[in-house]
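Engineer: Got a structure here, written out as structure tokens. Questions coming.
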Amino acid sequence: MTFSIFTSWTALVVGVLALLLTLLYRAALPKPIPGIPYNHASVRSIFGDIPGMMKWKAETRETFTWMTEQCKLLNAPMVQLFVKPFSLPWVIVTDARECLDVLTRRSKEFDRSSFTTDVVLPILREHHFPFPSGPKQRAHRALLSDLMTPAFLNEVAAPRLYHATLELLQLWRRKAELAGGHPFAAQEDIANTALDTIWAASIGEEARTINAQIEVIAKCSAIELPSKQDLPVMFPKALVPYDIECIRAVIGSMEVGLASPLPGLSYWFYLKRPSIRRAFNRKDLMLSNALKDSRDRLGSEEKDIGNVPIRSAMDYVLRRELLQARKERRPPRLDGSHATVLKDELFGFLLAGHETTSTTLQWGMKLLTDHQEVQARLHESLRDAIPTAAAEGRQPSYVEITNSKVPYLDAVIEEILRCGGTAAAQARQCLFETELLGVRLPKGTNVLFMTNGPSFVSPPMAVDERLRSQSCQEAKDKIGEWDSQDLSEFKPERWLSTDSEGRVDINWQAGPNAQFGGGARGCFGRKFAYLEMRTVMTIVFWNFKLLPVPAELSSYRAYDSVAHVPQQFFIRLAPIQEKIREMQNVGK
Ligand code: HEM
């Protein structure tokens with residue numbers, strides 16, 4: 001009898017458990033949004049599309065190309081993917097008009113996505129980028145409001161950018177001499193230039209990463225050259241200062257969140273690693289020191305803060321708070337949580353402004369290496385636009401670079417942005433149930449608008465015009481449409497237009513490009529990015545020809561981190577044989 005009671009209880013418990021597990025399993029199975037194509041095999045497993053995504057990632061190191069690929073496989077401009085257990089599917093859209101419409105005209109329905117927040121918040125903490133739009137996000141963003149003014153860009157950013165670019169020039173001249181026509185890996189040189197620039201612009205001090213490299217190379221009288229001309233040469237590397245290593249480790253952490261279906265959990269483990277904790281602590285200490293230095297220079301009550309020379313973004317942000325405090329007759333808010341916000345905003349500025357421009361420049365130089373005719377025309381256009389520097393055989397000054405009108409350079413930069421695809425996707429989340437391309441999306445759905453596929457860089461997929469939102473239909477003619485015949489080609493001319501008097505100019509509206517996002521949450525640093533790209537491209541293509549490199553060194557594969565970064569970036573430099581005066585004569 002005892003035995004049979006035990007058996008019935010056991011059976012009951014097992015039955016209830018089995019029922020619960022079945023219910024849990026069913027709850028965990030992907031739930032498609034009606035009306036959006038998906039991979040039917042994926043809804044039969046609680047892991048949904050995760051295995052497919054991980055396999056692609058393991059094979060290619062890329063994530064965003066896999067998303068676009070799903071639209072192509074399902075032959076639809078809008079598909080859904082199941083990449084997060086117990087969550088709504090992600091909706092993937094490959095249509096430029098819908099992308100721009102949502103970013104710029106539908107911000108009341110679509111805001112910063114939880115996809116972005118999950119990946120970015122653990123790294124940037126109090127920076128406004130991962131926050132949903134609202135008073136807190138606006139207050140934090142307002143701290144940076146002086147940083148895209150002509151005063152900051154022309155007086156602080158431009159000279160620092162120019163200085164870092166001339167150091168790159170010096171390094172590459174020496175490398176070109178030593179390399180004897182062999183290609184070499186240049187990823188770090190560009191990343192270092194971008195870091196030196198944004199570091200100096202952010203906190204007013206020099207990171208000196210390029211300078212350290214110049215010193216190492218200066219000690220080499222010769223280096224070992226491989227037997228074949230197409231094999232790359234290896235240069236000795238400068239030791240990376242610990243501070244820079246820490247900054248890189250913090251920025252690199254973002255790859256962990258991006259690669260994981262559960263970023264929160266992955267970060268929880270990753271950020272506990274002693275080396276990573278040390279890197280975050282060191283980064284915080286560096287920013288605290290920079291804040292203190294800035295405060296010491298600007299902060300005295302007696303000083304006329306308005307007249308203290310401003311050296312950096314940190315100075316600008318601080319001065320704004322000091323002036324505000326004075327106006328409101330209160331002490332400046334520079335301690336505790338206020339200091340954390342300031343430091344995180346500055347760090348976000350540094351992070352966002354470093355990896356993205358460095359990546360875009362790398363794509364740019366790769367593309368120009370593979371398009372010698374574009375390089376030649378760019379070189380000529382620069383000389384025509386800055387004739388005095390050309391006639392005097394000197395470098396263009398930063399004032400000449402910022403003030404000259406070079407439509408072909410603008411077109412080249414725009415085309416690099418389009419084809420390089422540094423920002424491979426723009427993410428938004430529905431604030432409430434709403435409609436996209438004729439389908440009701442539940443509140444909270446994450447939508448990723450891909451910029452790396454159909455209608456941006458390959459022929460568009462058909463969309464029934466009637467399914468588009470009213471605002472999208474009304475804006476049909478505001479931006480041109482690319483000719484689908486040559487959409488996959490790198491062709492800067494597509495951005496140029498000629499007026500009735502034969503004058504050529506850049507046409508920013510020639511066709512869609514969404515590399516800086518758009519609307520109220522669009523890229524804050526766009527002007528800085530253009531300034532940096534103009535400066536580096538001008539100096540590099542004024543001084544060098546980038547000769548072709550062998551196919552084995554010029555793959556267009558990437559890895560996805562803060563940006564969509566090329567896996568390979570090799571250059572073969574041929575200095576342009578012209579008498580260019582020594583570098584000390586090239587100031588303002
Ligand atoms: C080629 C270079 C760059 C690219 C491709 C790029 C791209 C982007 C993109 C796609 C976004 C999100 C926009 C959206 O969701 O609509 C963004 C946001 C942002 N970017 Fe950039 N960016 C670049 C350079 C910079 C630079 C140089 C800075 C600063 C110096 C910067 C600072 C920011 C900030 C602060 C945000 C957050 C804006 C917000 O949430 O309100 N970016 N950027």
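Ordering of the structure tokens sets the chain letters (A, B, ...); residue numbers start at 1 within each chain; ligands are numbered from 1 in the order shown.
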To check your reading of the model: which residues sit at most 8 Å from ligand 1 when counting only C-alpha atoms and all ligand atoms? Write the answer as a VMD selection string.
Structural biologist: chain A and resid 103 112 128 to 131 137 141 198 345 348 to 361 417 421 to 423 425 to 428 514 to 530 532 to 533 563
Engineer: Please identify the helix (DSSP H, G or I) residues within region 257-478 of chain A (assignment by DSSP from backbone atoms) and present them as an MDAnalysis selection string.
Structural biologist: chainID A and resid 257:259 263:270 274:298 305:307 313:327 336:369 372:385 387:392 398:403 407:420 465:467 470:474
Engineer: Of the residues A:Gly181, A:His564, A:Val399, A:Ala207, which is the one nearest to Lys228 (chain A), using only C-alpha atoms?
Structural biologist: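 Distance minimum relative to Lys228 (chain A) lands on A:Gly181.
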Engineer: Determine, counting only C-alpha atoms, which protein, DNA and RNA residues have an atom within 10 Å of an atom of region 236-247 of chain A; residues of the same chain fewer than 6 positions away are not included. Present the result as a PyMOL selection string.
Structural biologist: chain A and resi 188+192+195+207-217+220+223+275-286+347+350-351
Engineer: I want to know what sits within 6 Å of Thr445 (chain A), based on only C-alpha atoms, with residues of the same chain fewer than 2 positions away left out; could you give that as a list in words?
Structural biologist: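 The residues satisfying every condition are Gln429, Cys430, Pro442 and Lys443 of chain A.
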Engineer: Which of region 304-521 of chain A end up as strand (DSSP E or B) when DSSP is run on this backbone - answer as an NGL selection string?
Structural biologist: :A and (425-430 or 434-436 or 439-441 or 446-450 or 454 or 458 or 496-498 or 504-506)
Engineer: Would you pick out the contacts of region 44-47 of chain A at 9 Å or less, using only C-alpha atoms, so that residues sharing its chain but fewer than 6 positions from it are not included, and give the list as an mmCIF file with N, CA and C atoms, in the first residue's frame?
Structural biologist:
data_model
loop_
_atom_site.group_PDB
_atom_site.id
_atom_site.type_symbol
_atom_site.label_atom_id
_atom_site.label_comp_id
_atom_site.auth_asym_id
_atom_site.auth_seq_id
_atom_site.Cartn_x
_atom_site.Cartn_y
_atom_site.Cartn_z
ATOM 1 N N TYR A 25 8.548 24.893 -22.591
ATOM 2 C CA TYR A 25 9.143 24.684 -23.911
ATOM 3 C C TYR A 25 8.319 25.411 -24.976
ATOM 4 N N ARG A 26 6.959 25.232 -24.826
ATOM 5 C CA ARG A 26 6.074 25.906 -25.806
ATOM 6 C C ARG A 26 6.222 27.426 -25.722
ATOM 7 N N ALA A 27 6.334 27.915 -24.442
ATOM 8 C CA ALA A 27 6.464 29.378 -24.263
ATOM 9 C C ALA A 27 7.761 29.868 -24.872
ATOM 10 N N ALA A 28 8.782 28.997 -24.808
ATOM 11 C CA ALA A 28 10.093 29.419 -25.320
ATOM 12 C C ALA A 28 10.190 29.312 -26.837
ATOM 13 N N LEU A 29 9.310 28.542 -27.440
ATOM 14 C CA LEU A 29 9.376 28.409 -28.906
ATOM 15 C C LEU A 29 9.110 29.765 -29.566
ATOM 16 N N PRO A 30 9.833 30.067 -30.635
ATOM 17 C CA PRO A 30 9.635 31.370 -31.285
ATOM 18 C C PRO A 30 8.189 31.583 -31.723
ATOM 19 N N PHE A 82 14.637 34.872 -35.126
ATOM 20 C CA PHE A 82 14.423 34.515 -33.723
ATOM 21 C C PHE A 82 15.792 34.319 -33.077
ATOM 22 N N VAL A 83 16.290 35.393 -32.497
ATOM 23 C CA VAL A 83 17.665 35.344 -31.993
ATOM 24 C C VAL A 83 17.749 35.581 -30.487
ATOM 25 N N LYS A 84 16.583 35.739 -29.846
ATOM 26 C CA LYS A 84 16.592 35.966 -28.405
ATOM 27 C C LYS A 84 15.474 35.134 -27.785
ATOM 28 N N PRO A 85 15.815 34.083 -27.018
ATOM 29 C CA PRO A 85 14.767 33.249 -26.430
ATOM 30 C C PRO A 85 13.805 34.083 -25.569
ATOM 31 N N PHE A 86 12.550 33.683 -25.517
ATOM 32 C CA PHE A 86 11.482 34.340 -24.737
ATOM 33 C C PHE A 86 11.247 35.795 -25.142
#
Engineer: Could you tell me how far CA of Asp335 (chain A) lies from CA of Glu126 (chain A), in Å and to one decimal?
Structural biologist: 14.4 Å
Engineer: Show which residues sit within 9 Å of region 534-539 of chain A, as a ChimeraX atom specification. Count only C-alpha atoms, and ignore same-chain residues fewer than 5 positions away.
Structural biologist: /A:158,161-162,165-166,168-169,361,364-365,378-379,382,395-396,398,401-402,409-410,413,529,544
